[in-house]
Amino acid sequence: MDTIAGLFSFITTPVSWVIVQFHSVYGAIFGADSGWAWGLSIVSLVILIRICLIPLFVKQIKATRGMQALQPKMKAIQERYKNDKQRQSEEMMKLYKETGTNPLSSCLPILAQSPFFFALYHVLSAIANGQTIGVINQSLLESARQAHIFGAPLAAKFTDSAEKAASLNASITDVRIVTAVMIVLMSLSQFYTQRQLMQKNVDLSVKTPFMQQQKMLMYIFPVIFAVMGINFPVGVLVYWLTTNVWTMGQQMYVINQNPTPGSKAQDQYLTRLLKHVSSHGDVKGRGKKKIVAAIVAKGPDRNDNERKFITALTKQGMAAHADGSVIKSSEATADADAASGGAPKRQQPKRQSKSQRQTPPSKPSKK
C-alpha cells in the first residue's frame, strides 16, 4: 500500500493543503488539536471531491443503464460467435460504437477518486511516522498526532503494535475497537449500496451474466474492504466511510427520482407519480414531465411498469401527452375537436326497441 500511495505523491501537496484549510476553520471552533477539527477536515475533503465528481457520476449512471440495455444484444453476440473470440470482440466493439456506450464509464468516479484516496493515505502514513509532508509543517504534524477520534489517533491502524499506539498517546484496545467498528460500518455500507442497486434498480425482466456479476460484487466488495481496512489508518477509514455514505445517499436519490426502466424502483416511482397526478390533475415538475414524455414516446415498446401506469391513467379518465402533461380524456377530446376545426359530429338516430319497430305508425284522424 505504501508503494501504491507513493505513486500518487504528486497530489499529496494539494490534498494536504485542502485539509489544512479546513482544519484552520474547524480548529477555530473545536480547538486546533481536537480530533473533531482534523476528522471534519477529512470529511469536508470527501464532500468537496464528491461534489466535483457529480458530472462523472451522471456519466456513470448513463453508462450503467446503457450496459444494462445492451445485455440481450451482447448475449446474442456471445452465443453467435462463441467459437470465434476475435470476431466476438470485434462485434462487441462495433455495438459499443453504434450505441455510444463505454463500459469504462461506469468506473470513472472510482478511478477519479483513487489518487485522492492514496494521497490521503500517504499523508496520514507520514503523520504516523512523524514526518512532515506537503504543507503540513512540524507544528501541524504535532497537532495531527495529538488528534484522537473516540480515543483512536488519526494515524493509528488496527495492525499497529501496543508500542506504536502508545507513541501516539493511545491504548491498543481503543485503537482496535474504533477501527473494527469503522471497518464493519464501511463494509456494511458498501454491501447495502450494492444490494439496493441489485434489488431495486435493475431491470428484472432481463436475465443476463451482467446481473450475476453484479450479484457477486455485492458480496466480494465488502470482504475486500474488510481485509484491506485493517491496514488503513483511522483517518483513511473516516474518508472511506464518508464516501460510502455519500454514495449510498446519492444512489438512493437517483433510484427514487430517476429509476432504471423495468426495475422495481420504477414500479414504485410510477405508483407515486400516479397518486401525484390523481391529486393534482396534472404532472408537476420538469423531471416528472420528462419521464412521462419518455413513456409516451416509447409507444408499444413500453415495459410492464409503464403499460400499467398508462392503463391506470386511462381508467381514471386521463391521457398522457407527448410533452409530458396529463389531462382528462374529455379535455383531450375537446382539444382534438378544436384542432380539426370544430366540426359538429353527426348525431345517430336513437335505437328503437323490437316492440316499437313492430307497431305500425298511427294514421292521422280525419275531421
# chains A, B, ... in the order shown; residues from 1 in each chain; ligands from 1
call {"tool": "residues_around", "arguments": {"residues": "stretch 268-281 of chain A", "least_positions_apart": "4", "cutoff": "7 Å", "atoms": "only C-alpha atoms", "output": "PDB file with N, CA, C and O atoms, in the first residue's frame"}}
result
ATOM      1  N   ASN A 256     -34.800   6.901  -6.477  1.00  0.00           N
ATOM      2  CA  ASN A 256     -36.135   7.427  -6.178  1.00  0.00           C
ATOM      3  C   ASN A 256     -36.624   8.418  -7.231  1.00  0.00           C
ATOM      4  O   ASN A 256     -37.830   8.510  -7.476  1.00  0.00           O
ATOM      5  N   LYS A 264     -37.858  -2.598 -10.146  1.00  0.00           N
ATOM      6  CA  LYS A 264     -38.817  -2.477  -9.041  1.00  0.00           C
ATOM      7  C   LYS A 264     -38.940  -1.018  -8.616  1.00  0.00           C
ATOM      8  O   LYS A 264     -40.027  -0.551  -8.256  1.00  0.00           O
ATOM      9  N   PHE A 309     -48.934   1.886 -15.804  1.00  0.00           N
ATOM     10  CA  PHE A 309     -49.123   3.312 -15.492  1.00  0.00           C
ATOM     11  C   PHE A 309     -50.095   3.958 -16.480  1.00  0.00           C
ATOM     12  O   PHE A 309     -51.027   4.666 -16.081  1.00  0.00           O
ATOM     13  N   ILE A 327     -53.835  15.198 -18.989  1.00  0.00           N
ATOM     14  CA  ILE A 327     -55.108  15.895 -18.876  1.00  0.00           C
ATOM     15  C   ILE A 327     -56.234  14.894 -18.930  1.00  0.00           C
ATOM     16  O   ILE A 327     -56.046  13.743 -19.333  1.00  0.00           O
TER      17      ILE A 327
END
call {"tool": "residues_around", "arguments": {"residues": "A:Ala32", "least_positions_apart": "4", "cutoff": "10 Å", "atoms": "only C-alpha atoms", "output": "list of chain:residue names"}}
result
A:His23, A:Ser24, A:Val25, A:Tyr26, A:Gly27, A:Ala28, A:Trp36, A:Ala37, A:Trp38, A:Leu140, A:Ser143, A:Ala144, A:Gln146, A:Ala147
call {"tool": "write_last_selection", "arguments": {"atoms": "N, CA, C and O atoms", "output": "short mmCIF file (atom, residue, chain, number, x, y, z; two decimals), in the first residue's frame"}}
result
data_model
loop_
_atom_site.label_atom_id
_atom_site.label_comp_id
_atom_site.auth_asym_id
_atom_site.auth_seq_id
_atom_site.Cartn_x
_atom_site.Cartn_y
_atom_site.Cartn_z
N HIS A 23 -8.94 22.59 8.32
CA HIS A 23 -8.55 22.49 9.73
C HIS A 23 -8.48 23.86 10.38
O HIS A 23 -8.81 24.02 11.57
N SER A 24 -8.06 24.87 9.62
CA SER A 24 -7.99 26.22 10.18
C SER A 24 -9.39 26.73 10.55
O SER A 24 -9.54 27.49 11.51
N VAL A 25 -10.40 26.29 9.81
CA VAL A 25 -11.78 26.70 10.11
C VAL A 25 -12.31 25.93 11.32
O VAL A 25 -12.81 26.52 12.28
N TYR A 26 -12.21 24.59 11.26
CA TYR A 26 -12.74 23.76 12.35
C TYR A 26 -11.91 23.91 13.63
O TYR A 26 -12.44 23.78 14.74
N GLY A 27 -10.60 24.20 13.47
CA GLY A 27 -9.75 24.39 14.64
C GLY A 27 -10.17 25.59 15.45
O GLY A 27 -10.03 25.59 16.69
N ALA A 28 -10.69 26.62 14.79
CA ALA A 28 -11.16 27.81 15.49
C ALA A 28 -12.41 27.53 16.31
O ALA A 28 -12.72 28.24 17.27
N TRP A 36 -12.05 16.28 16.39
CA TRP A 36 -13.17 16.77 15.58
C TRP A 36 -12.68 17.70 14.48
O TRP A 36 -13.18 17.66 13.35
N ALA A 37 -11.72 18.56 14.80
CA ALA A 37 -11.19 19.51 13.81
C ALA A 37 -10.53 18.77 12.65
O ALA A 37 -10.79 19.06 11.48
N TRP A 38 -9.69 17.78 12.98
CA TRP A 38 -9.00 17.03 11.93
C TRP A 38 -9.95 16.05 11.24
O TRP A 38 -9.89 15.87 10.01
N LEU A 140 1.90 21.64 12.68
CA LEU A 140 0.68 20.94 12.25
C LEU A 140 0.83 19.43 12.43
O LEU A 140 -0.13 18.73 12.77
N SER A 143 0.16 18.64 16.01
CA SER A 143 -1.27 18.79 16.27
C SER A 143 -2.04 17.58 15.76
O SER A 143 -2.93 17.05 16.44
N ALA A 144 -1.70 17.11 14.55
CA ALA A 144 -2.39 15.96 13.97
C ALA A 144 -2.11 14.69 14.76
O ALA A 144 -3.00 13.84 14.92
N GLN A 146 -1.68 14.52 17.89
CA GLN A 146 -2.42 14.59 19.15
C GLN A 146 -3.92 14.38 18.96
O GLN A 146 -4.65 14.16 19.93
N ALA A 147 -4.39 14.46 17.71
CA ALA A 147 -5.83 14.37 17.42
C ALA A 147 -6.30 12.93 17.56
O ALA A 147 -5.71 12.01 17.00
#
call {"tool": "residues_around", "arguments": {"residues": "A:Ala126", "least_positions_apart": "4", "cutoff": "12 Å", "atoms": "only C-alpha atoms", "output": "PyMOL selection string"}}
result
chain A and resi 2+5-6+9+12+16+119-122+130-134+136-138+141-142+144-145+154-156+233
call {"tool": "select_by_dssp", "arguments": {"residues": "stretch 82-236 of chain A", "states": "strand (DSSP E)", "output": "number ranges by chain"}}
result
A: 148-149, 152-153
call {"tool": "residues_around", "arguments": {"residues": "A:Gln194", "least_positions_apart": "5", "cutoff": "10 Å", "atoms": "only C-alpha atoms", "output": "short mmCIF file (atom, residue, chain, number, x, y, z; two decimals) with all heavy atoms, in the first residue's frame"}}
result
data_model
loop_
_atom_site.label_atom_id
_atom_site.label_comp_id
_atom_site.auth_asym_id
_atom_site.auth_seq_id
_atom_site.Cartn_x
_atom_site.Cartn_y
_atom_site.Cartn_z
N LEU A 188 -20.51 -2.75 5.68
CA LEU A 188 -21.98 -2.82 5.63
C LEU A 188 -22.55 -1.77 4.68
O LEU A 188 -23.50 -2.05 3.93
CB LEU A 188 -22.57 -2.63 7.03
CG LEU A 188 -22.42 -3.81 7.99
CD1 LEU A 188 -22.98 -3.45 9.36
CD2 LEU A 188 -23.12 -5.06 7.45
N SER A 189 -21.99 -0.56 4.71
CA SER A 189 -22.48 0.49 3.81
C SER A 189 -22.22 0.13 2.36
O SER A 189 -23.05 0.38 1.48
CB SER A 189 -21.83 1.83 4.16
OG SER A 189 -20.42 1.76 4.04
N GLN A 199 -31.51 -4.98 -5.98
CA GLN A 199 -32.90 -5.31 -5.67
C GLN A 199 -33.89 -4.31 -6.24
O GLN A 199 -35.04 -4.67 -6.53
CB GLN A 199 -33.08 -5.39 -4.15
CG GLN A 199 -32.45 -6.62 -3.52
CD GLN A 199 -32.94 -6.86 -2.11
OE1 GLN A 199 -33.45 -5.97 -1.45
NE2 GLN A 199 -32.77 -8.08 -1.63
N GLN A 214 -22.87 -8.52 -11.02
CA GLN A 214 -23.20 -7.51 -10.02
C GLN A 214 -23.54 -8.15 -8.68
O GLN A 214 -23.20 -7.63 -7.62
CB GLN A 214 -24.39 -6.67 -10.50
CG GLN A 214 -24.08 -5.79 -11.70
CD GLN A 214 -23.04 -4.73 -11.40
OE1 GLN A 214 -23.15 -4.00 -10.44
NE2 GLN A 214 -22.02 -4.67 -12.23
N LYS A 215 -24.20 -9.31 -8.73
CA LYS A 215 -24.56 -10.01 -7.50
C LYS A 215 -23.31 -10.51 -6.79
O LYS A 215 -23.22 -10.47 -5.56
CB LYS A 215 -25.49 -11.18 -7.84
CG LYS A 215 -26.12 -11.82 -6.62
CD LYS A 215 -27.14 -12.87 -7.02
CE LYS A 215 -27.81 -13.48 -5.78
NZ LYS A 215 -28.82 -14.50 -6.17
N MET A 216 -22.33 -10.98 -7.56
CA MET A 216 -21.07 -11.43 -6.96
C MET A 216 -20.33 -10.27 -6.31
O MET A 216 -19.80 -10.40 -5.20
CB MET A 216 -20.20 -12.09 -8.04
CG MET A 216 -20.68 -13.45 -8.49
SD MET A 216 -19.65 -14.12 -9.81
CE MET A 216 -18.05 -14.20 -8.98
N LEU A 217 -20.33 -9.11 -7.00
CA LEU A 217 -19.64 -7.94 -6.44
C LEU A 217 -20.28 -7.48 -5.14
O LEU A 217 -19.59 -6.93 -4.28
CB LEU A 217 -19.66 -6.80 -7.46
CG LEU A 217 -18.83 -7.00 -8.74
CD1 LEU A 217 -19.02 -5.84 -9.69
CD2 LEU A 217 -17.36 -7.18 -8.40
N MET A 218 -21.59 -7.73 -5.01
CA MET A 218 -22.29 -7.34 -3.79
C MET A 218 -21.69 -8.01 -2.56
O MET A 218 -21.67 -7.44 -1.47
CB MET A 218 -23.78 -7.69 -3.92
CG MET A 218 -24.62 -7.33 -2.71
SD MET A 218 -26.39 -7.58 -3.02
CE MET A 218 -26.47 -9.37 -3.12
N TYR A 219 -21.18 -9.23 -2.72
CA TYR A 219 -20.58 -9.97 -1.61
C TYR A 219 -19.06 -9.83 -1.56
O TYR A 219 -18.45 -9.87 -0.49
CB TYR A 219 -20.95 -11.45 -1.71
CG TYR A 219 -22.44 -11.71 -1.55
CD1 TYR A 219 -23.25 -11.91 -2.66
CD2 TYR A 219 -23.04 -11.72 -0.30
CE1 TYR A 219 -24.62 -12.13 -2.53
CE2 TYR A 219 -24.40 -11.94 -0.16
CZ TYR A 219 -25.18 -12.14 -1.27
OH TYR A 219 -26.53 -12.35 -1.14
N PHE A 221 -17.02 -7.17 -2.70
CA PHE A 221 -16.51 -5.86 -2.32
C PHE A 221 -16.45 -5.65 -0.80
O PHE A 221 -15.43 -5.18 -0.28
CB PHE A 221 -17.33 -4.75 -2.96
CG PHE A 221 -16.84 -4.37 -4.33
CD1 PHE A 221 -17.65 -3.67 -5.20
CD2 PHE A 221 -15.57 -4.72 -4.76
CE1 PHE A 221 -17.21 -3.32 -6.47
CE2 PHE A 221 -15.11 -4.38 -6.01
CZ PHE A 221 -15.94 -3.68 -6.87
N PRO A 222 -17.50 -5.98 -0.04
CA PRO A 222 -17.41 -5.80 1.42
C PRO A 222 -16.29 -6.61 2.05
O PRO A 222 -15.65 -6.15 3.00
CB PRO A 222 -18.79 -6.26 1.92
CG PRO A 222 -19.70 -6.05 0.76
CD PRO A 222 -18.87 -6.36 -0.43
N MET A 248 -24.10 5.98 -1.03
CA MET A 248 -25.38 5.36 -0.69
C MET A 248 -26.52 6.37 -0.79
O MET A 248 -27.56 6.09 -1.39
CB MET A 248 -25.31 4.77 0.72
CG MET A 248 -26.54 4.02 1.17
SD MET A 248 -26.23 3.09 2.70
CE MET A 248 -25.80 4.42 3.83
N GLN A 251 -27.08 7.44 -4.47
CA GLN A 251 -27.75 6.38 -5.22
C GLN A 251 -29.22 6.28 -4.85
O GLN A 251 -30.08 6.07 -5.72
CB GLN A 251 -27.06 5.04 -4.95
CG GLN A 251 -27.64 3.89 -5.76
CD GLN A 251 -26.81 2.64 -5.62
OE1 GLN A 251 -25.82 2.44 -6.30
NE2 GLN A 251 -27.20 1.77 -4.70
#
call {"tool": "residues_around", "arguments": {"residues": "A:Gly39", "least_positions_apart": "5", "cutoff": "8 Å", "atoms": "only C-alpha atoms", "output": "mmCIF file with all heavy atoms, in the first residue's frame"}}
result
data_model
loop_
_atom_site.group_PDB
_atom_site.id
_atom_site.type_symbol
_atom_site.label_atom_id
_atom_site.label_comp_id
_atom_site.auth_asym_id
_atom_site.auth_seq_id
_atom_site.Cartn_x
_atom_site.Cartn_y
_atom_site.Cartn_z
ATOM 1 N N ILE A 149 -9.942 10.348 17.626
ATOM 2 C CA ILE A 149 -11.373 10.167 17.375
ATOM 3 C C ILE A 149 -11.849 8.996 18.223
ATOM 4 O O ILE A 149 -11.452 7.857 17.998
ATOM 5 C CB ILE A 149 -11.653 9.902 15.877
ATOM 6 C CG1 ILE A 149 -11.255 11.120 15.045
ATOM 7 C CG2 ILE A 149 -13.127 9.566 15.650
ATOM 8 C CD1 ILE A 149 -11.476 10.937 13.560
ATOM 9 N N LEU A 154 -5.701 9.580 14.578
ATOM 10 C CA LEU A 154 -5.995 9.555 13.146
ATOM 11 C C LEU A 154 -5.019 8.681 12.372
ATOM 12 O O LEU A 154 -5.379 8.076 11.365
ATOM 13 C CB LEU A 154 -5.943 10.981 12.575
ATOM 14 C CG LEU A 154 -7.095 11.920 12.917
ATOM 15 C CD1 LEU A 154 -6.810 13.307 12.370
ATOM 16 C CD2 LEU A 154 -8.398 11.388 12.335
ATOM 17 N N GLY A 235 -7.815 7.851 9.938
ATOM 18 C CA GLY A 235 -8.191 8.952 9.057
ATOM 19 C C GLY A 235 -8.670 8.476 7.699
ATOM 20 O O GLY A 235 -9.610 9.027 7.125
ATOM 21 N N VAL A 238 -12.099 7.073 8.065
ATOM 22 C CA VAL A 238 -13.074 8.169 8.088
ATOM 23 C C VAL A 238 -13.388 8.607 6.659
ATOM 24 O O VAL A 238 -14.557 8.807 6.295
ATOM 25 C CB VAL A 238 -12.534 9.364 8.907
ATOM 26 C CG1 VAL A 238 -13.430 10.585 8.739
ATOM 27 C CG2 VAL A 238 -12.419 8.997 10.376
#
call {"tool": "residues_around", "arguments": {"residues": "stretch 306-308 of chain A", "least_positions_apart": "5", "cutoff": "12 Å", "atoms": "only C-alpha atoms", "output": "JSON, numbers by chain"}}
result
{"A": [260, 261, 262, 263, 264, 266, 267, 268, 269, 270, 271, 273, 274, 291, 292, 293, 294, 295, 296, 297, 298, 299, 300, 301, 313, 314, 315, 320]}
call {"tool": "write_last_selection", "arguments": {"atoms": "N, CA and C atoms", "output": "CSV table (one decimal), in the first residue's frame"}}
result
chain,number,residue,atom,x,y,z
A,260,THR,N,-34.2,3.0,-13.1
A,260,THR,CA,-34.0,2.2,-14.3
A,260,THR,C,-35.3,1.7,-14.8
A,261,PRO,N,-35.6,1.8,-16.1
A,261,PRO,CA,-36.8,1.3,-16.7
A,261,PRO,C,-36.9,-0.2,-16.5
A,262,GLY,N,-38.1,-0.7,-16.1
A,262,GLY,CA,-38.3,-2.1,-15.9
A,262,GLY,C,-37.9,-2.6,-14.5
A,263,SER,N,-37.4,-1.7,-13.7
A,263,SER,CA,-37.0,-2.1,-12.3
A,263,SER,C,-38.1,-2.0,-11.3
A,264,LYS,N,-37.9,-2.6,-10.1
A,264,LYS,CA,-38.8,-2.5,-9.0
A,264,LYS,C,-38.9,-1.0,-8.6
A,266,GLN,N,-38.7,1.6,-10.5
A,266,GLN,CA,-39.6,2.3,-11.5
A,266,GLN,C,-41.0,2.0,-11.2
A,267,ASP,N,-41.4,0.8,-10.8
A,267,ASP,CA,-42.8,0.5,-10.5
A,267,ASP,C,-43.2,1.3,-9.3
A,268,GLN,N,-42.3,1.4,-8.2
A,268,GLN,CA,-42.7,2.2,-7.1
A,268,GLN,C,-42.8,3.7,-7.4
A,269,TYR,N,-41.9,4.2,-8.3
A,269,TYR,CA,-41.9,5.6,-8.7
A,269,TYR,C,-43.2,5.9,-9.5
A,270,LEU,N,-43.6,5.1,-10.4
A,270,LEU,CA,-44.8,5.3,-11.2
A,270,LEU,C,-46.0,5.2,-10.4
A,271,THR,N,-46.0,4.4,-9.3
A,271,THR,CA,-47.1,4.3,-8.4
A,271,THR,C,-47.3,5.7,-7.6
A,273,LEU,N,-46.1,8.5,-8.7
A,273,LEU,CA,-46.4,9.5,-9.8
A,273,LEU,C,-47.9,9.5,-10.1
A,274,LEU,N,-48.5,8.3,-10.1
A,274,LEU,CA,-50.0,8.1,-10.3
A,274,LEU,C,-50.8,8.8,-9.2
A,291,ILE,N,-40.1,12.2,-17.6
A,291,ILE,CA,-40.3,10.8,-17.6
A,291,ILE,C,-41.6,10.3,-18.2
A,292,VAL,N,-42.7,11.1,-18.0
A,292,VAL,CA,-43.9,10.8,-18.7
A,292,VAL,C,-43.8,10.9,-20.2
A,293,ALA,N,-43.1,11.9,-20.7
A,293,ALA,CA,-42.9,12.1,-22.1
A,293,ALA,C,-42.1,10.9,-22.7
A,294,ALA,N,-41.1,10.4,-22.0
A,294,ALA,CA,-40.3,9.3,-22.4
A,294,ALA,C,-41.2,8.1,-22.6
A,295,ILE,N,-42.1,7.9,-21.6
A,295,ILE,CA,-43.0,6.7,-21.6
A,295,ILE,C,-43.9,6.8,-22.8
A,296,VAL,N,-44.5,8.0,-23.1
A,296,VAL,CA,-45.4,8.2,-24.2
A,296,VAL,C,-44.7,7.9,-25.5
A,297,ALA,N,-43.4,8.4,-25.6
A,297,ALA,CA,-42.6,8.2,-26.8
A,297,ALA,C,-42.3,6.8,-27.2
A,298,LYS,N,-42.3,5.9,-26.1
A,298,LYS,CA,-42.0,4.5,-26.4
A,298,LYS,C,-43.1,3.8,-27.1
A,299,GLY,N,-44.3,4.2,-27.0
A,299,GLY,CA,-45.4,3.6,-27.6
A,299,GLY,C,-45.6,2.1,-27.3
A,300,PRO,N,-45.6,1.2,-28.3
A,300,PRO,CA,-45.8,-0.2,-28.0
A,300,PRO,C,-44.6,-0.9,-27.3
A,301,ASP,N,-43.4,-0.2,-27.3
A,301,ASP,CA,-42.2,-0.7,-26.7
A,301,ASP,C,-42.1,-0.5,-25.2
A,313,LEU,N,-53.9,5.4,-15.8
A,313,LEU,CA,-54.4,6.8,-16.1
A,313,LEU,C,-55.7,6.7,-16.9
A,314,THR,N,-55.7,5.8,-17.9
A,314,THR,CA,-56.9,5.7,-18.7
A,314,THR,C,-58.2,5.4,-17.9
A,315,LYS,N,-58.0,4.5,-16.9
A,315,LYS,CA,-59.1,4.1,-16.0
A,315,LYS,C,-59.6,5.3,-15.2
A,320,ALA,N,-52.0,10.7,-21.2
A,320,ALA,CA,-50.7,11.3,-21.2
A,320,ALA,C,-50.3,11.8,-22.6
call {"tool": "atom_distance", "arguments": {"atom1": "atom CA of A:Ser34", "atom2": "atom CA of A:Phe22"}}
result
13.0 Å
call {"tool": "select_by_dssp", "arguments": {"residues": "stretch 21-232 of chain A", "states": "alpha helix (DSSP H)", "output": "ChimeraX atom specification"}}
result
/A:21-30,35-52,54-80,85-99,108-128,138-146,162-167,172-200,209-229
call {"tool": "atom_distance", "arguments": {"atom1": "atom CA of A:Ala152", "atom2": "atom CA of A:Leu237"}}
result
11.7 Å
call {"tool": "closest_residue", "arguments": {"among": "A:Thr99, A:Thr159, A:Thr13, A:Thr179", "to": "A:Val236", "atoms": "only C-alpha atoms"}}
result
A:Thr179
call {"tool": "decode", "arguments": {"residues": "stretch 115-124 of chain A", "atoms": "all heavy atoms", "output": "mmCIF file, in the first residue's frame"}}
result
data_model
loop_
_atom_site.group_PDB
_atom_site.id
_atom_site.type_symbol
_atom_site.label_atom_id
_atom_site.label_comp_id
_atom_site.auth_asym_id
_atom_site.auth_seq_id
_atom_site.Cartn_x
_atom_site.Cartn_y
_atom_site.Cartn_z
ATOM 1 N N PRO A 115 -6.646 8.664 -6.861
ATOM 2 C CA PRO A 115 -5.459 9.450 -6.498
ATOM 3 C C PRO A 115 -5.598 10.186 -5.172
ATOM 4 O O PRO A 115 -4.646 10.250 -4.379
ATOM 5 C CB PRO A 115 -5.335 10.447 -7.669
ATOM 6 C CG PRO A 115 -6.012 9.783 -8.809
ATOM 7 C CD PRO A 115 -7.137 9.018 -8.204
ATOM 8 N N PHE A 116 -6.800 10.742 -4.889
ATOM 9 C CA PHE A 116 -7.014 11.453 -3.634
ATOM 10 C C PHE A 116 -6.974 10.498 -2.449
ATOM 11 O O PHE A 116 -6.461 10.831 -1.382
ATOM 12 C CB PHE A 116 -8.366 12.183 -3.678
ATOM 13 C CG PHE A 116 -8.459 13.203 -4.773
ATOM 14 C CD1 PHE A 116 -9.055 12.885 -5.984
ATOM 15 C CD2 PHE A 116 -7.933 14.475 -4.608
ATOM 16 C CE1 PHE A 116 -9.141 13.816 -6.999
ATOM 17 C CE2 PHE A 116 -8.020 15.418 -5.619
ATOM 18 C CZ PHE A 116 -8.612 15.090 -6.824
ATOM 19 N N PHE A 117 -7.539 9.301 -2.656
ATOM 20 C CA PHE A 117 -7.544 8.301 -1.594
ATOM 21 C C PHE A 117 -6.121 7.907 -1.205
ATOM 22 O O PHE A 117 -5.751 7.913 -0.024
ATOM 23 C CB PHE A 117 -8.336 7.075 -2.056
ATOM 24 C CG PHE A 117 -8.241 5.894 -1.128
ATOM 25 C CD1 PHE A 117 -8.973 5.861 0.043
ATOM 26 C CD2 PHE A 117 -7.416 4.824 -1.423
ATOM 27 C CE1 PHE A 117 -8.888 4.777 0.901
ATOM 28 C CE2 PHE A 117 -7.327 3.741 -0.579
ATOM 29 C CZ PHE A 117 -8.063 3.712 0.584
ATOM 30 N N PHE A 118 -5.313 7.574 -2.204
ATOM 31 C CA PHE A 118 -3.941 7.143 -1.919
ATOM 32 C C PHE A 118 -3.068 8.302 -1.443
ATOM 33 O O PHE A 118 -2.141 8.096 -0.647
ATOM 34 C CB PHE A 118 -3.334 6.481 -3.157
ATOM 35 C CG PHE A 118 -3.900 5.127 -3.458
ATOM 36 C CD1 PHE A 118 -4.647 4.905 -4.596
ATOM 37 C CD2 PHE A 118 -3.707 4.069 -2.583
ATOM 38 C CE1 PHE A 118 -5.178 3.662 -4.876
ATOM 39 C CE2 PHE A 118 -4.240 2.819 -2.848
ATOM 40 C CZ PHE A 118 -4.977 2.610 -4.001
ATOM 41 N N ALA A 119 -3.359 9.522 -1.929
ATOM 42 C CA ALA A 119 -2.613 10.681 -1.439
ATOM 43 C C ALA A 119 -2.894 10.916 0.042
ATOM 44 O O ALA A 119 -1.977 11.216 0.825
ATOM 45 C CB ALA A 119 -2.985 11.920 -2.255
ATOM 46 N N LEU A 120 -4.178 10.769 0.445
ATOM 47 C CA LEU A 120 -4.522 10.925 1.859
ATOM 48 C C LEU A 120 -3.846 9.840 2.693
ATOM 49 O O LEU A 120 -3.350 10.103 3.795
ATOM 50 C CB LEU A 120 -6.039 10.853 2.041
ATOM 51 C CG LEU A 120 -6.544 10.963 3.483
ATOM 52 C CD1 LEU A 120 -6.184 12.320 4.076
ATOM 53 C CD2 LEU A 120 -8.049 10.753 3.560
ATOM 54 N N TYR A 121 -3.827 8.613 2.167
ATOM 55 C CA TYR A 121 -3.135 7.523 2.872
ATOM 56 C C TYR A 121 -1.656 7.879 3.059
ATOM 57 O O TYR A 121 -1.074 7.642 4.122
ATOM 58 C CB TYR A 121 -3.278 6.230 2.071
ATOM 59 C CG TYR A 121 -2.604 5.039 2.713
ATOM 60 C CD1 TYR A 121 -3.273 4.243 3.635
ATOM 61 C CD2 TYR A 121 -1.280 4.715 2.416
ATOM 62 C CE1 TYR A 121 -2.654 3.158 4.232
ATOM 63 C CE2 TYR A 121 -0.648 3.637 3.009
ATOM 64 C CZ TYR A 121 -1.345 2.866 3.919
ATOM 65 O OH TYR A 121 -0.720 1.793 4.509
ATOM 66 N N HIS A 122 -1.052 8.445 2.023
ATOM 67 C CA HIS A 122 0.357 8.828 2.083
ATOM 68 C C HIS A 122 0.569 9.913 3.143
ATOM 69 O O HIS A 122 1.550 9.865 3.908
ATOM 70 C CB HIS A 122 0.786 9.345 0.707
ATOM 71 C CG HIS A 122 2.264 9.364 0.488
ATOM 72 N ND1 HIS A 122 3.074 8.267 0.691
ATOM 73 C CD2 HIS A 122 3.091 10.373 0.087
ATOM 74 C CE1 HIS A 122 4.327 8.583 0.420
ATOM 75 N NE2 HIS A 122 4.370 9.858 0.052
ATOM 76 N N VAL A 123 -0.349 10.887 3.210
ATOM 77 C CA VAL A 123 -0.248 11.967 4.193
ATOM 78 C C VAL A 123 -0.356 11.424 5.617
ATOM 79 O O VAL A 123 0.451 11.755 6.502
ATOM 80 C CB VAL A 123 -1.340 13.029 3.946
ATOM 81 C CG1 VAL A 123 -1.409 14.017 5.112
ATOM 82 C CG2 VAL A 123 -1.069 13.783 2.654
ATOM 83 N N LEU A 124 -1.348 10.564 5.860
ATOM 84 C CA LEU A 124 -1.557 10.023 7.203
ATOM 85 C C LEU A 124 -0.433 9.071 7.619
ATOM 86 O O LEU A 124 -0.072 9.002 8.798
ATOM 87 C CB LEU A 124 -2.904 9.302 7.267
ATOM 88 C CG LEU A 124 -4.132 10.219 7.151
ATOM 89 C CD1 LEU A 124 -5.409 9.405 7.047
ATOM 90 C CD2 LEU A 124 -4.211 11.164 8.342
#
